[in-house]
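Visitor: Have a peek at my_file_33.cif (mmCIF, C-alpha atoms).
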data_my_file
loop_
_atom_site.label_atom_id
_atom_site.label_comp_id
_atom_site.auth_asym_id
_atom_site.auth_seq_id
_atom_site.Cartn_x
_atom_site.Cartn_y
_atom_site.Cartn_z
CA MET G 209 123.51 134.57 98.79
CA SER G 210 122.91 134.78 95.05
CA THR G 211 119.54 134.94 93.36
CA VAL G 212 120.00 131.42 91.95
CA GLY G 213 120.68 130.09 95.43
CA ILE G 214 117.58 131.75 96.84
CA VAL G 215 115.40 130.41 94.00
CA PHE G 216 116.86 126.92 94.46
CA LEU G 217 116.23 127.06 98.21
CA LEU G 218 112.68 128.26 97.62
CA VAL G 219 111.95 125.46 95.13
CA ILE G 220 113.38 122.82 97.46
CA SER G 221 111.32 124.24 100.35
CA LEU G 222 108.12 124.07 98.27
CA VAL G 223 108.83 120.48 97.19
CA LEU G 224 109.54 119.49 100.78
CA LEU G 225 106.34 121.18 101.94
CA ALA G 226 104.35 119.34 99.26
CA VAL G 227 105.78 116.00 100.41
CA ILE G 228 105.17 116.77 104.09
CA VAL G 229 101.53 117.69 103.43
CA GLY G 230 100.77 115.25 100.61
CA LEU G 231 102.27 112.02 101.92
CA PRO G 232 100.17 111.70 105.09
CA ARG G 233 97.05 112.69 103.16
CA ASP G 234 97.68 109.96 100.57
CA ILE G 235 98.44 107.38 103.25
CA ILE G 236 95.15 108.15 105.03
CA ARG G 237 93.21 108.08 101.76
CA ASN G 238 94.72 104.72 100.76
CA SER G 239 93.97 103.28 104.20
CA LEU G 240 90.35 104.39 103.97
CA ASN G 241 90.07 102.92 100.47
CA GLY G 242 91.44 99.62 101.77
CA ILE G 243 88.92 99.56 104.61
CA MET G 244 86.05 100.32 102.21
CA HIS G 245 87.22 97.59 99.84
CA ARG G 246 87.40 95.02 102.64
CA GLU G 247 83.92 96.02 103.81
CA LYS G 248 82.61 95.38 100.30
CA ILE G 249 84.35 91.99 100.29
CA LEU G 250 82.78 91.25 103.69
CA GLU G 251 79.36 92.07 102.24
CA ARG G 252 79.97 89.72 99.29
CA VAL G 253 81.15 86.92 101.59
CA GLY G 254 77.98 87.36 103.67
CA LYS G 255 75.85 86.44 100.66
CA LEU G 256 77.61 83.11 100.06
CA ARG G 257 77.62 79.75 101.79
CA LEU G 258 81.20 80.65 102.65
CA HIS G 259 79.78 82.90 105.38
CA LYS G 260 77.94 79.97 106.96
CA MET G 261 80.98 77.72 106.60
CA LEU G 262 83.14 80.28 108.40
CA ALA G 263 80.60 80.44 111.22
CA ALA G 264 80.42 76.63 111.42
CA LEU G 265 84.20 76.50 111.76
CA GLY G 266 84.17 79.21 114.43
CA ILE G 267 85.91 81.80 112.27
CA ASP G 268 84.75 85.39 112.63
CA ASP G 269 84.02 86.65 109.12
CA LYS G 270 85.35 90.13 109.83
CA GLN G 271 88.60 88.72 111.20
CA TYR G 272 88.78 86.41 108.17
CA VAL G 273 88.42 89.33 105.75
CA TYR G 274 91.02 91.45 107.50
CA ASN G 275 93.57 88.66 108.10
CA THR G 276 93.38 86.88 104.74
CA ARG G 277 94.90 88.10 101.49
CA LEU G 278 92.27 89.52 99.17
CA THR G 279 93.35 87.24 96.32
CA ASP G 280 92.82 84.21 98.59
CA ILE G 281 89.37 85.46 99.58
CA GLU G 282 88.46 85.91 95.91
CA THR G 283 89.64 82.34 95.25
CA HIS G 284 87.56 81.03 98.17
CA MET G 285 84.48 82.88 96.91
CA GLN G 286 84.94 81.51 93.39
CA ARG G 287 85.38 77.96 94.69
CA CYS G 288 82.28 78.33 96.84
CA GLY G 289 80.22 79.73 93.97
CA ASN G 290 81.35 76.99 91.57
CA CYS G 291 81.12 74.15 94.09
CA GLY G 292 79.41 70.97 92.96
CA SER G 293 78.52 69.88 96.50
CA LYS G 294 76.16 72.69 97.44
CA GLN G 295 73.39 70.33 98.52
CA GLU G 296 75.68 68.43 100.89
CA CYS G 297 77.06 71.71 102.20
CA ASP G 298 73.56 73.10 102.82
CA ARG G 299 72.44 69.87 104.49
CA GLN G 300 75.35 69.85 106.92
CA LEU G 301 75.22 73.56 107.62
CA GLU G 302 71.49 73.37 108.35
CA ALA G 303 71.98 70.36 110.63
CA ASP G 304 74.75 72.14 112.54
CA SER G 305 76.89 69.01 112.22
CA LEU G 306 79.83 69.74 110.00
CA THR G 307 81.41 66.34 109.46
CA GLY G 308 83.60 65.31 106.57
CA ALA G 309 83.83 68.80 105.13
CA ASP G 310 87.24 67.84 103.78
CA LYS G 311 85.44 65.47 101.39
CA PHE G 312 83.03 67.98 99.87
CA CYS G 313 84.26 71.54 100.54
CA PRO G 314 86.94 72.84 98.17
CA ASN G 315 87.84 75.53 100.72
CA ASN G 316 88.05 73.27 103.75
CA GLU G 317 91.86 72.96 103.85
CA ALA G 318 92.40 76.72 103.54
CA LEU G 319 89.70 77.55 106.07
CA VAL G 320 90.97 75.03 108.61
CA SER G 321 94.45 76.49 108.31
CA GLN G 322 92.91 79.95 108.76
CA GLN G 323 91.11 78.67 111.86
CA GLN G 324 94.35 77.40 113.36
CA SER G 325 96.23 80.66 112.84
#
Would you encode the structure as structure tokens?
Guide:
Amino acid sequence: MSTVGIVFLLVISLVLLAVIVGLPRDIIRNSLNGIMHREKILERVGKLRLHKMLAALGIDDKQYVYNTRLTDIETHMQRCGNCGSKQECDRQLEADSLTGADKFCPNNEALVSQQQS
């Protein structure tokens, strides 16, 4: 085998070794980052009325955060924060009688569909 062939084989072996070691490490790191990000989202949801609405609908907030796209969760949080019916929402959530949420909650349709799935 020539010197060029040996060098080529050595370079290919090093690249392959780097991929074999690096790829699983990056996958694990990305997975951990995703979990940490979802935990932060869960913490933010817990500070909003959205948390109480999820509970009133019988939706586990952790399951909601892990089964819903992050962009949808951000949209739900924005809608909840900008909602003009906060008093009605608070009244019904405090009374434990969630009736007519489709008339005042901008997230009701999405949350009900989440509840059914």
Visitor: What do you get, as a VMD selection string, if you spell out every residue that the PyMOL selection byres ((chain G and resi 315) around 12) selects here?
Guide: chain G and resid 257 to 259 261 to 262 265 280 to 291 293 297 309 to 314 316 to 322
Visitor: What does the structure give for the distance between CA of Glu247 (chain G) and CA of Ile228 (chain G), in Å to one decimal?
Guide: 29.7 Å
Visitor: Which residue gives the smallest distance to Leu256 (chain G) among G:Leu278, G:Asp269, G:Leu218, G:Thr211, with all atoms listed in the file counted?
Guide: G:Asp269
Visitor: Report, in Å to a single decimal, how far apart CA of Lys294 (chain G) and CA of Lys248 (chain G) are.
Guide: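 According to the coordinates, CA of Lys248 (chain G) and CA of Lys294 (chain G) are separated by 23.8 Å.
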Visitor: Could you tell me how far CA of Asn238 (chain G) lies from CA of Leu224 (chain G), in Å and to one decimal?
Guide: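 Interatomic distance, CA of Asn238 (chain G) to CA of Leu224 (chain G): 20.9 Å.
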Visitor: Would you mind writing region 312-323 of chain G with all heavy atoms, as a CSV table (one decimal), keeping the file's coordinate frame?
Guide:
chain,number,residue,atom,x,y,z
G,312,PHE,N,83.9,67.3,100.8
G,312,PHE,CA,83.0,68.0,99.9
G,312,PHE,C,83.3,69.5,99.7
G,312,PHE,O,82.9,70.0,98.7
G,312,PHE,CB,81.6,67.8,100.3
G,312,PHE,CG,81.1,68.5,101.5
G,312,PHE,CD1,80.7,69.8,101.5
G,312,PHE,CD2,81.2,67.9,102.7
G,312,PHE,CE1,80.4,70.5,102.6
G,312,PHE,CE2,80.8,68.5,103.9
G,312,PHE,CZ,80.4,69.8,103.8
G,313,CYS,N,84.0,70.1,100.6
G,313,CYS,CA,84.3,71.5,100.5
G,313,CYS,C,85.6,71.8,99.9
G,313,CYS,O,86.7,71.5,100.5
G,313,CYS,CB,84.2,72.2,101.9
G,313,CYS,SG,84.4,74.0,101.9
G,314,PRO,N,85.7,72.5,98.8
G,314,PRO,CA,86.9,72.8,98.2
G,314,PRO,C,87.8,73.9,99.0
G,314,PRO,O,89.0,74.0,98.7
G,314,PRO,CB,86.5,73.4,96.8
G,314,PRO,CG,85.2,73.9,97.0
G,314,PRO,CD,84.5,73.0,98.0
G,315,ASN,N,87.1,74.5,99.9
G,315,ASN,CA,87.8,75.5,100.7
G,315,ASN,C,88.2,75.0,102.1
G,315,ASN,O,88.8,75.7,102.9
G,315,ASN,CB,87.0,76.8,100.9
G,315,ASN,CG,86.8,77.6,99.7
G,315,ASN,OD1,87.8,77.8,98.9
G,315,ASN,ND2,85.6,78.0,99.4
G,316,ASN,N,87.9,73.8,102.4
G,316,ASN,CA,88.0,73.3,103.8
G,316,ASN,C,89.5,73.4,104.2
G,316,ASN,O,89.8,73.9,105.3
G,316,ASN,CB,87.6,71.8,103.8
G,316,ASN,CG,87.6,71.3,105.2
G,316,ASN,OD1,86.9,71.8,106.1
G,316,ASN,ND2,88.5,70.3,105.5
G,317,GLU,N,90.4,72.9,103.4
G,317,GLU,CA,91.9,73.0,103.8
G,317,GLU,C,92.3,74.4,104.2
G,317,GLU,O,92.9,74.6,105.2
G,317,GLU,CB,92.7,72.4,102.8
G,317,GLU,CG,94.2,72.2,103.1
G,317,GLU,CD,95.0,71.6,102.0
G,317,GLU,OE1,94.5,70.8,101.2
G,317,GLU,OE2,96.2,71.9,102.0
G,318,ALA,N,92.0,75.3,103.3
G,318,ALA,CA,92.4,76.7,103.5
G,318,ALA,C,91.7,77.3,104.7
G,318,ALA,O,92.3,78.0,105.5
G,318,ALA,CB,92.1,77.6,102.3
G,319,LEU,N,90.4,77.0,104.9
G,319,LEU,CA,89.7,77.6,106.1
G,319,LEU,C,90.1,76.9,107.4
G,319,LEU,O,90.2,77.6,108.4
G,319,LEU,CB,88.2,77.4,105.9
G,319,LEU,CG,87.6,78.1,104.7
G,319,LEU,CD1,86.1,77.8,104.6
G,319,LEU,CD2,87.8,79.6,104.8
G,320,VAL,N,90.5,75.7,107.4
G,320,VAL,CA,91.0,75.0,108.6
G,320,VAL,C,92.3,75.6,109.0
G,320,VAL,O,92.6,75.9,110.2
G,320,VAL,CB,91.0,73.5,108.5
G,320,VAL,CG1,91.8,72.9,109.6
G,320,VAL,CG2,89.6,72.9,108.4
G,321,SER,N,93.2,75.9,108.0
G,321,SER,CA,94.4,76.5,108.3
G,321,SER,C,94.3,77.9,108.8
G,321,SER,O,95.0,78.4,109.7
G,321,SER,CB,95.4,76.5,107.1
G,321,SER,OG,94.9,77.3,106.1
G,322,GLN,N,93.2,78.6,108.3
G,322,GLN,CA,92.9,80.0,108.8
G,322,GLN,C,92.4,79.9,110.2
G,322,GLN,O,92.8,80.7,111.0
G,322,GLN,CB,91.8,80.5,107.9
G,322,GLN,CG,91.3,81.9,108.3
G,322,GLN,CD,92.2,83.0,108.0
G,322,GLN,OE1,93.0,82.9,107.2
G,322,GLN,NE2,92.1,84.1,108.8
G,323,GLN,N,91.6,78.9,110.5
G,323,GLN,CA,91.1,78.7,111.9
G,323,GLN,C,92.2,78.5,112.9
G,323,GLN,O,92.2,79.0,114.0
G,323,GLN,CB,90.1,77.5,111.9
G,323,GLN,CG,89.5,77.2,113.2
G,323,GLN,CD,88.7,75.9,113.1
G,323,GLN,OE1,89.0,75.0,112.3
G,323,GLN,NE2,87.7,75.8,113.9
